[in-house]
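**Q** File follows, protein_4.csv with CSV, C-alpha atoms:
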chain,number,residue,atom,x,y,z
G,1,MET,CA,-16.9,-38.7,1.9
G,2,ALA,CA,-18.7,-39.8,-1.2
G,3,ALA,CA,-22.3,-38.8,-0.5
G,4,LYS,CA,-23.4,-35.3,0.5
G,5,PRO,CA,-24.3,-35.3,4.2
G,6,LYS,CA,-28.0,-35.7,4.6
G,7,PRO,CA,-29.8,-34.1,7.5
G,8,ARG,CA,-32.8,-35.7,9.2
G,9,VAL,CA,-34.8,-33.7,11.6
G,10,LYS,CA,-37.8,-34.6,13.8
G,11,VAL,CA,-40.0,-31.7,14.9
G,12,PRO,CA,-43.6,-32.1,16.0
G,13,LYS,CA,-46.1,-30.8,13.4
G,14,THR,CA,-48.2,-28.9,16.0
G,15,ALA,CA,-47.8,-27.6,19.5
G,16,LYS,CA,-49.6,-25.4,22.1
G,17,ALA,CA,-48.3,-21.8,22.5
G,18,GLY,CA,-45.5,-21.7,25.1
G,19,GLU,CA,-45.1,-25.5,25.0
G,20,THR,CA,-41.6,-27.0,25.3
G,21,ILE,CA,-41.1,-29.5,22.5
G,22,VAL,CA,-38.4,-32.1,21.8
G,23,ILE,CA,-36.4,-31.8,18.6
G,24,LYS,CA,-34.2,-34.7,17.3
G,25,THR,CA,-31.6,-34.2,14.6
G,26,LEU,CA,-29.2,-36.5,12.8
G,27,ILE,CA,-26.8,-35.9,9.9
G,28,SER,CA,-24.9,-38.5,7.9
G,29,HIS,CA,-21.2,-37.6,8.2
G,30,LYS,CA,-18.1,-39.7,8.8
G,31,MET,CA,-16.6,-37.2,11.4
G,32,GLU,CA,-13.0,-38.1,10.5
G,33,SER,CA,-11.3,-37.4,13.8
G,34,GLY,CA,-7.7,-36.7,12.6
G,35,GLN,CA,-6.5,-39.5,15.0
G,36,ARG,CA,-6.8,-42.4,12.6
G,37,LYS,CA,-4.0,-43.7,10.3
G,38,ASP,CA,-4.3,-45.2,6.9
G,39,LYS,CA,-2.6,-48.4,5.7
G,40,GLU,CA,0.7,-46.6,5.1
G,41,GLY,CA,0.7,-45.2,8.7
G,42,LYS,CA,-0.1,-41.7,7.6
G,43,ILE,CA,-2.6,-39.7,9.6
G,44,ILE,CA,-6.0,-39.3,7.9
G,45,PRO,CA,-6.7,-35.5,8.0
G,46,ARG,CA,-9.4,-34.3,10.3
G,47,LYS,CA,-12.8,-33.5,8.7
G,48,ILE,CA,-15.7,-33.1,11.0
G,49,ILE,CA,-18.8,-31.0,11.3
G,50,ASN,CA,-17.7,-28.4,13.9
G,51,LYS,CA,-20.9,-26.5,14.5
G,52,PHE,CA,-24.6,-27.1,14.7
G,53,THR,CA,-27.2,-24.4,15.2
G,54,CYS,CA,-31.0,-24.3,15.5
G,55,GLU,CA,-33.0,-21.1,15.1
G,56,PHE,CA,-36.7,-20.4,15.4
G,57,ASN,CA,-38.1,-17.5,13.3
G,58,GLY,CA,-34.5,-16.1,13.3
G,59,GLU,CA,-33.9,-16.4,17.0
G,60,PRO,CA,-31.2,-18.7,18.3
G,61,VAL,CA,-32.6,-21.7,20.2
G,62,PHE,CA,-29.7,-24.1,20.7
G,63,SER,CA,-26.2,-24.6,19.2
G,64,CYS,CA,-23.4,-26.9,19.7
G,65,ASP,CA,-19.6,-26.6,19.1
G,66,MET,CA,-18.3,-30.0,18.2
G,67,ASP,CA,-14.8,-31.6,18.6
G,68,PRO,CA,-13.6,-34.8,17.0
G,69,ALA,CA,-14.9,-36.8,20.1
G,70,ILE,CA,-18.5,-36.5,18.7
G,71,SER,CA,-19.5,-39.8,17.0
G,72,ALA,CA,-20.0,-40.3,13.3
G,73,ASN,CA,-23.5,-39.2,12.1
G,74,PRO,CA,-23.8,-36.6,14.8
G,75,TYR,CA,-27.1,-36.8,16.7
G,76,PHE,CA,-28.7,-34.1,18.9
G,77,GLU,CA,-31.8,-34.1,21.0
G,78,PHE,CA,-32.8,-30.9,22.7
G,79,ARG,CA,-35.8,-28.8,23.7
G,80,ALA,CA,-37.4,-25.6,22.3
G,81,LYS,CA,-40.1,-23.4,23.6
G,82,VAL,CA,-42.5,-22.3,20.9
G,83,PRO,CA,-44.4,-19.1,21.4
G,84,GLU,CA,-46.0,-19.0,17.9
G,85,SER,CA,-46.2,-20.7,14.6
G,86,GLY,CA,-43.1,-20.5,12.5
G,87,MET,CA,-40.1,-22.1,11.0
G,88,PHE,CA,-37.2,-23.9,12.6
G,89,LYS,CA,-33.9,-23.6,10.7
G,90,PHE,CA,-31.1,-26.0,11.3
G,91,SER,CA,-27.5,-25.7,10.0
G,92,TRP,CA,-24.4,-27.8,10.2
G,93,VAL,CA,-21.0,-26.3,9.4
G,94,ASP,CA,-18.3,-28.6,8.0
G,95,ASP,CA,-14.5,-28.2,8.5
G,96,ASP,CA,-14.2,-27.4,4.7
G,97,GLY,CA,-16.7,-24.5,5.1
G,98,SER,CA,-19.7,-26.4,3.6
G,99,VAL,CA,-23.0,-25.6,5.3
G,100,TYR,CA,-25.8,-28.2,5.3
G,101,THR,CA,-29.3,-26.9,6.2
G,102,ASP,CA,-32.8,-28.1,6.9
G,103,GLU,CA,-36.1,-26.3,7.7
G,104,GLN,CA,-39.2,-27.5,9.5
G,105,LYS,CA,-42.5,-25.8,10.0
G,106,ILE,CA,-44.6,-25.9,13.2
G,107,GLU,CA,-48.2,-24.9,13.7
G,108,VAL,CA,-48.8,-23.4,17.2
G,109,SER,CA,-52.4,-23.0,18.4
I,110,PHE,CA,-4.1,-28.0,15.5
I,111,ALA,CA,-1.8,-30.7,16.7
I,112,THR,CA,-2.8,-34.1,15.5
I,113,THR,CA,0.5,-35.7,16.6
I,114,GLY,CA,2.3,-35.8,19.9
I,115,PHE,CA,-0.7,-36.7,22.1
I,116,THR,CA,0.3,-40.4,22.3
I,117,ALA,CA,3.8,-39.4,23.6
I,118,LEU,CA,2.3,-37.8,26.7
I,119,PRO,CA,2.1,-39.6,30.0
I,120,ALA,CA,-1.1,-41.3,30.8
I,121,ASN,CA,-2.4,-38.7,33.3
I,122,ALA,CA,-1.7,-35.7,31.0
I,123,ALA,CA,-5.2,-35.9,29.6
I,124,ALA,CA,-6.7,-35.8,33.1
I,125,GLU,CA,-4.5,-32.8,34.0
I,126,GLU,CA,-5.6,-31.0,30.8
I,127,THR,CA,-9.2,-31.8,31.6
I,128,ALA,CA,-8.9,-30.3,35.1
I,129,LYS,CA,-7.2,-27.2,33.5
I,130,ARG,CA,-10.1,-26.8,31.0
I,131,ILE,CA,-12.7,-27.0,33.8
I,132,THR,CA,-10.9,-24.3,35.8
I,133,GLU,CA,-10.6,-22.1,32.7
I,134,PHE,CA,-14.3,-22.5,31.9
I,135,ALA,CA,-15.3,-21.8,35.5
I,136,GLY,CA,-13.2,-18.5,35.4
I,137,GLY,CA,-10.5,-19.8,37.8
I,138,LYS,CA,-13.0,-20.9,40.5
I,139,GLU,CA,-13.9,-24.4,41.6
I,140,PRO,CA,-17.4,-25.3,40.1
I,141,GLY,CA,-20.1,-26.2,42.5
I,142,THR,CA,-22.1,-29.5,42.4
I,143,GLY,CA,-25.8,-30.2,42.1
I,144,LYS,CA,-28.1,-28.5,39.6
I,145,ILE,CA,-26.4,-30.4,36.7
I,146,THR,CA,-27.0,-34.1,35.9
I,147,LEU,CA,-24.8,-36.0,33.4
I,148,THR,CA,-26.3,-39.3,32.3
I,149,ALA,CA,-24.0,-41.8,30.6
I,150,PRO,CA,-24.0,-45.6,30.5
I,151,GLU,CA,-21.9,-47.4,33.2
I,152,ILE,CA,-20.6,-49.7,30.6
I,153,ALA,CA,-20.2,-48.9,26.9
I,154,GLU,CA,-19.7,-51.9,24.7
I,155,ASN,CA,-18.8,-49.8,21.7
I,156,GLY,CA,-16.7,-46.7,22.4
I,157,ASN,CA,-17.6,-45.3,18.9
I,158,THR,CA,-21.0,-44.2,19.9
I,159,VAL,CA,-21.8,-43.6,23.6
I,160,PRO,CA,-25.0,-41.7,24.4
I,161,ILE,CA,-24.7,-38.9,26.9
I,162,SER,CA,-27.3,-36.5,28.2
I,163,VAL,CA,-27.1,-33.4,30.3
I,164,LYS,CA,-29.8,-31.7,32.2
I,165,VAL,CA,-29.4,-28.5,34.2
I,166,GLU,CA,-32.1,-27.2,36.7
I,167,SER,CA,-32.9,-23.7,35.7
I,168,ALA,CA,-35.8,-21.3,35.1
I,169,MET,CA,-34.1,-20.3,31.8
I,170,SER,CA,-34.9,-16.7,32.3
I,171,GLY,CA,-33.1,-13.7,33.9
I,172,ASP,CA,-30.1,-14.7,36.0
I,173,ASP,CA,-31.3,-18.2,36.5
I,174,MET,CA,-30.3,-19.1,33.0
I,175,VAL,CA,-27.9,-21.8,31.6
I,176,GLU,CA,-25.7,-20.3,29.0
I,177,SER,CA,-23.5,-23.2,28.1
I,178,VAL,CA,-22.5,-26.7,29.0
I,179,LEU,CA,-18.9,-27.9,28.3
I,180,ILE,CA,-18.4,-31.7,27.9
I,181,LEU,CA,-14.9,-33.1,28.5
I,182,ALA,CA,-13.5,-36.7,28.6
I,183,ASP,CA,-10.2,-37.2,30.4
I,184,GLY,CA,-9.0,-40.3,28.6
I,185,ASN,CA,-9.4,-39.3,25.0
I,186,PRO,CA,-6.5,-38.1,22.9
I,187,ASN,CA,-8.0,-34.6,23.3
I,188,PRO,CA,-10.3,-33.9,26.3
I,189,ASP,CA,-12.7,-31.6,24.2
I,190,VAL,CA,-16.0,-33.2,23.3
I,191,ALA,CA,-18.5,-30.5,22.7
I,192,THR,CA,-20.1,-27.3,24.1
I,193,PHE,CA,-23.9,-26.9,24.2
I,194,ASN,CA,-25.2,-23.3,24.0
I,195,PHE,CA,-28.7,-22.7,25.3
I,196,THR,CA,-31.0,-19.6,25.1
I,197,ALA,CA,-34.3,-18.6,26.7
I,198,MET,CA,-35.9,-20.2,23.6
I,199,SER,CA,-34.5,-23.6,24.7
I,200,GLY,CA,-37.1,-23.6,27.5
I,201,VAL,CA,-35.2,-26.4,29.3
I,202,ALA,CA,-31.4,-26.8,29.5
I,203,GLU,CA,-31.4,-30.4,28.4
I,204,ALA,CA,-29.5,-32.1,25.5
I,205,THR,CA,-28.4,-35.5,24.3
I,206,THR,CA,-25.7,-36.5,21.9
I,207,ARG,CA,-23.4,-39.4,21.1
I,208,MET,CA,-19.7,-39.4,21.7
I,209,ARG,CA,-16.5,-41.4,21.2
I,210,LEU,CA,-14.6,-42.8,24.1
I,211,ALA,CA,-11.1,-44.2,23.4
I,212,LYS,CA,-11.0,-46.3,26.6
I,213,THR,CA,-12.5,-46.4,30.1
I,214,GLN,CA,-12.5,-42.9,31.5
I,215,THR,CA,-14.4,-40.1,33.2
I,216,VAL,CA,-16.8,-37.8,31.3
I,217,TYR,CA,-17.3,-34.3,32.8
I,218,ALA,CA,-20.2,-31.8,32.2
I,219,VAL,CA,-19.7,-28.2,33.4
I,220,ALA,CA,-22.6,-25.8,33.2
I,221,LYS,CA,-22.1,-22.0,33.1
I,222,MET,CA,-25.0,-19.8,34.3
I,223,ALA,CA,-25.8,-16.3,33.2
I,224,ASP,CA,-24.6,-15.0,36.7
I,225,GLY,CA,-21.2,-16.6,36.1
I,226,SER,CA,-21.6,-19.5,38.5
I,227,THR,CA,-20.6,-23.0,37.4
I,228,PHE,CA,-21.7,-26.5,38.2
I,229,VAL,CA,-20.0,-29.8,37.4
I,230,ASP,CA,-21.1,-33.5,37.3
I,231,LYS,CA,-19.0,-36.5,36.2
I,232,LYS,CA,-19.5,-40.1,35.3
I,233,GLU,CA,-17.1,-42.9,34.8
I,234,VAL,CA,-17.8,-45.0,31.7
I,235,LYS,CA,-16.2,-48.4,31.3
I,236,VAL,CA,-15.4,-49.0,27.6
I,237,THR,CA,-15.2,-52.5,26.1
I,238,ILE,CA,-14.1,-51.6,22.6
I,239,GLY,CA,-12.3,-48.2,22.2
I,240,GLY,CA,-13.7,-45.6,19.8
I,241,CYS,CA,-10.7,-43.8,18.3
I,242,GLY,CA,-9.7,-46.2,15.6
I,243,GLY,CA,-6.1,-47.2,14.9
In structure tokens, write the structure found in this file.
**A**
Amino acid sequence: MAAKPKPRVKVPKTAKAGETIVIKTLISHKMESGQRKDKEGKIIPRKIINKFTCEFNGEPVFSCDMDPAISANPYFEFRAKVPESGMFKFSWVDDDGSVYTDEQKIEVS
Amino acid sequence: FATTGFTALPANAAAEETAKRITEFAGGKEPGTGKITLTAPEIAENGNTVPISVKVESAMSGDDMVESVLILADGNPNPDVATFNFTAMSGVAEATTRMRLAKTQTVYAVAKMADGSTFVDKKEVKVTIGGCGG
């Protein structure tokens, strides 16, 4: 894959204490399944993002273990309960060990 | 990890493998029904990107807590799709993603609660164009 995977995350800027918010994440990645063959009939080796995690102020919120059946540019939509202002940290782990991260701040009133 | 050999298996091998995975995940017991809802389109024109959502009814505290949801597809080269892991911080055990479906098949979602009980839901998705490439 030529370009470095680029994460895109949507978190509301503000929320009320204890509110459950919706988070949407997307990362550009080919998610090569290891099932496809090239022109010579050789199998193209698997290279996928195999783990996604979301933390809030260091506490785990949601995570997902992925298999090659997840589509290219993996998308996740999930919920998080926010007790206080803080920082969401997102990370995606590639088969080659690379980790891609993003952070989003939320103000809780 | 075997990337070859799957195609040589009989057609129902994936379905058997899926049933085995569900039993393993459920700790040898038959999962219950209800509580979990799997939402998937009835017909997917493009098997490369099929939206699926799961929602599990739960208070998300104490014993009434969803720990994880296993997603399987019984007609793909490999039944594994993903495992969602929830915490009390999730607030609600609900998640959406997009998956690949090689052909028309049944997608399963199995929820495991903190008390060890499990619940399953399934949906058949008709696929017009397969999503595993050639």
**Q** Between I:Lys212, I:Ser199, I:Val219, I:Pro186, single out the one closest to Val82 of chain G, counting only C-alpha atoms.
**A**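 Nearest to Val82 of chain G: I:Ser199.
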**Q** Any idea what's packed within 8 Å of segment 52-67 of chain G, counting all atoms listed in the file, ignoring anything in its chain fewer than 2 positions away? Could you give it as a ChimeraX atom specification?
**A** /G:48-50,69-70,78,80,86-93 /I:189-199
**Q** Within 9 Å of Pro7 of chain G, counting only C-alpha atoms, which residues qualify if same-chain residues fewer than 6 places away don't, as a list in words?
**A** Thr25, Leu26, Ile27, Ser28, Trp92, Tyr100, Thr101 and Asp102 of chain G
**Q** Show me the residues around (-51.5, -22.8, 19.1) - criterion: an atom at most 6 Å away, only C-alpha atoms counted - as a VMD selection string.
**A** chain G and resid 16 to 17 108 to 109
**Q** Leaving out segment 223-232 of chain I and any residue of its chain fewer than 5 positions from it, which residues lie within 6 Å of it when counting all atoms listed in the file, given as a PyMOL selection string?
**A** chain I and resi 135+140-142+147+172+174+176+215-218
**Q** Just to confirm, what's the straight-line distance from atom CA of Ser167 of chain I to atom CA of Arg8 of chain G in Å (one decimal)?
**A**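 That distance, rounded to one decimal, is 29.1 Å.
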**Q** I'd like the interatomic distance between atom CA of Asn155 of chain I and atom CA of Lys42 of chain G, to a tenth of an Å.
**A**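 Rounded to one decimal, the two atoms are 24.8 Å apart.
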